Amino acid sequence: MIPVISASKIYSTLGNENSLIPLAIKDIANSTGLTAASYIAGDQAEGRDRFIDEFGTQAIWLFGIPFYKKLLDLGMFKSIGYDPKVDVRILKNPDIFKKAIEHAPTEEIKASLEKIGKSQKNTKLFKGLSFGKFVASTFLTIASYYGLTKFRHHNTEKHIKEEFLKKQAELKKGQPQNPQFSQLSKGFGQLQNVPTAFGNVHKNTSSNNKDQNPSFTGIQDFMFSPTKNLMIVDGSITAERIFESRNLQDTIGYIVKEGSFWAFMYLLGGRIQKHVENSTEKKHNMNIQLDSRVIESDELKNALKNKELPAILQAFKDLKTDVNIYDFICNPLNKDNVIVKMAKMSDIIKVTDNKTPTGGTFSKFMQKLFPQKDLNSAVDTRAYVDLDQVKGINEKLGKLYEQFNTFKSKAAGKSEDELLTAFLKDLKKYKRISVLKNIGACIGALGVVCPAIMLALRFCSKDNREFKVKSQIEEQLAKDIQSGKIKV
């Protein structure tokens, strides 16, 4: 049982546009490929520089915002008695907010919601804190990246300098008059107009902050979507890398790297997934848009067997307003409703409890890594519920029910249970293939194609093969030794 659940959770996570895990997998592939390419194209100095750049940035990029948000939760929210787990988006609709208080699963949650809605002043303060947390955590993450970049530049320069001076000391023992400097300076002529490495890094780090009333209009997608929040951080990283690059070689490399990164990390991943899903439906008449956890669950199997499913789906569809839908979802009497259960499984509806890990050590580890929700647990009304996504489950399930009936009508000589098993087997297979195609295409592009392009650009010209940063530093060191600024 555990391996099946874990597999469905893994595929669900890989296909989730709002999950950080597929982004991390793509970025690891990209970082590994680029680091390997740097060692191939250059030497140890370039490979080390690239390693710090890629994997250091990756750690800050993935964990910076969550880390700083946790710190701000303690410093900004809990210190003045507000619950940081309350999603500010539930305040958008006053009627839904009232229902959230009414259906609060515990007195503690109810009290935290009531405190926020107690007065306009409280509500405005909570909105301000939420907006402040978003801005501060993003800014601190960007600042951490700038700090990493300064460390990387200093570290690279330090190692190159140590290696260069060590070589010069060895040469000096055999050649006291230092005639080697005429040879060392050879080939540096074309770099005379290139600024000394690291000289102009971070000369402009000004930000453009505006004092505004936090209405969250137009920015809430970036505030509450982990992937879109990272896009802001990435925008700063991309700008810093390109406009503050140390030489033309750096600039061209970063243009290729950042262009590929944005294309396959943010812009094309979802489109590839949707394209594969649409192609599968046209070819096999199977809608595979439901979450993997739903597709591989017993709930879906039982739902498709249920002759009353059309009536259940229609009853949900008859809920005319968002307030009615939200009231239905949060009402404990509807916890066994198939739409509510599937929305909980898909993380659209948050619950108060996860299942306690059971079994052996490996099983417990997998359950902690991919926690299972207790579908009978109460709805956590502090969390925001995207009602359009809940409606989408209703529509997709209805479509899948119709497709199963078509599948049955075309088959003969088998029982309904056998046909359902065959239908679900194909459904799971096509869903998994769609996720793997998406992830595989992005990993291939970021981990193989992009590094290969950068390598090709390096080897297409003799003048571009060497690590220019190293050449610049060594040139300056040679001049400093000749002028007597540095003693060997």
# chains A, B, ... in the order shown; residues from 1 in each chain; ligands from 1
>>> residues_around(residues="range 13-23 of chain A", least_positions_apart="2", cutoff="7 Å", atoms="only C-alpha atoms", output="PyMOL selection string")
chain A and resi 9-11+25-27+225-227+265+270+435
>>> write_last_selection(atoms="C-alpha atoms", output="PDB file, in the first residue's frame")
ATOM      1  CA  LYS A   9       2.278  11.400  -4.479  1.00  0.00           C
ATOM      2  CA  ILE A  10       5.573  11.601  -6.361  1.00  0.00           C
ATOM      3  CA  TYR A  11       3.855  11.898  -9.743  1.00  0.00           C
ATOM      4  CA  ILE A  25      14.852  18.660  -9.891  1.00  0.00           C
ATOM      5  CA  LYS A  26      15.102  20.801 -13.036  1.00  0.00           C
ATOM      6  CA  ASP A  27      17.530  23.180 -11.365  1.00  0.00           C
ATOM      7  CA  SER A 225       2.321  30.764  -5.347  1.00  0.00           C
ATOM      8  CA  PRO A 226       5.787  29.449  -4.366  1.00  0.00           C
ATOM      9  CA  THR A 227       6.847  29.237  -8.008  1.00  0.00           C
ATOM     10  CA  MET A 265      11.536  26.426 -15.549  1.00  0.00           C
ATOM     11  CA  GLY A 270       2.960  23.861 -17.805  1.00  0.00           C
ATOM     12  CA  VAL A 435       4.399  13.908 -16.138  1.00  0.00           C
TER      13      VAL A 435
END
>>> residues_around(residues="range 134-148 of chain A", least_positions_apart="2", cutoff="8 Å", atoms="only C-alpha atoms", output="list in words")
Asp53, Gly56, Thr57, Ile60, Trp61, Gly64, Ile65, Pro66, Tyr68, Lys69, Leu72, Ser130, Phe131, Gly132, Lys150, Phe151, Arg152, His202, Met223, Asn229, Ile232, Val233, Ser236 and Ile237 of chain A
>>> closest_residue(among="A:Glu258, A:Glu102, A:Asp386, A:Asp322", to="Cys450 in chain A", atoms="only C-alpha atoms")
A:Glu258
>>> select_by_dssp(residues="range 234-440 of chain A", states="alpha helix (DSSP H)", output="JSON, numbers by chain")
{"A": [234, 235, 236, 237, 238, 239, 240, 241, 242, 243, 248, 249, 250, 251, 252, 253, 254, 255, 256, 257, 258, 259, 260, 261, 262, 269, 270, 271, 272, 273, 274, 275, 276, 277, 278, 279, 280, 281, 282, 283, 284, 292, 293, 294, 295, 298, 299, 300, 301, 302, 303, 304, 305, 309, 310, 311, 312, 313, 314, 315, 316, 317, 322, 323, 324, 325, 326, 327, 328, 329, 330, 338, 339, 340, 341, 342, 343, 344, 345, 361, 362, 363, 364, 365, 366, 367, 368, 369, 387, 388, 389, 390, 391, 392, 393, 394, 395, 396, 397, 398, 399, 400, 401, 402, 403, 404, 405, 406, 407, 408, 409, 416, 417, 418, 419, 420, 421, 422, 423, 424, 425, 426, 427, 428, 429, 430, 431, 432, 433, 434, 435, 436, 437, 438, 439, 440]}
>>> closest_residue(among="A:Lys428, A:Asn306, A:Thr321, A:Pro94", to="Asp388 in chain A", atoms="only C-alpha atoms")
A:Thr321
>>> closest_residue(among="A:Leu319, A:Leu304, A:Ala383, A:Leu248", to="Lys408 in chain A", atoms="only C-alpha atoms")
A:Leu304
>>> residues_around(residues="Pro84 in chain A", least_positions_apart="4", cutoff="8 Å", atoms="only C-alpha atoms", output="ChimeraX atom specification")
/A:73,77-78
>>> residues_around(residues="Lys257 in chain A", least_positions_apart="3", cutoff="9 Å", atoms="only C-alpha atoms", output="MDAnalysis selection string")
chainID A and resid 30 34 252:254 260:262 446 450:451 454
>>> closest_residue(among="A:Leu165, A:Thr406, A:Phe243, A:Ile329", to="Lys487 in chain A", atoms="only C-alpha atoms")
A:Leu165
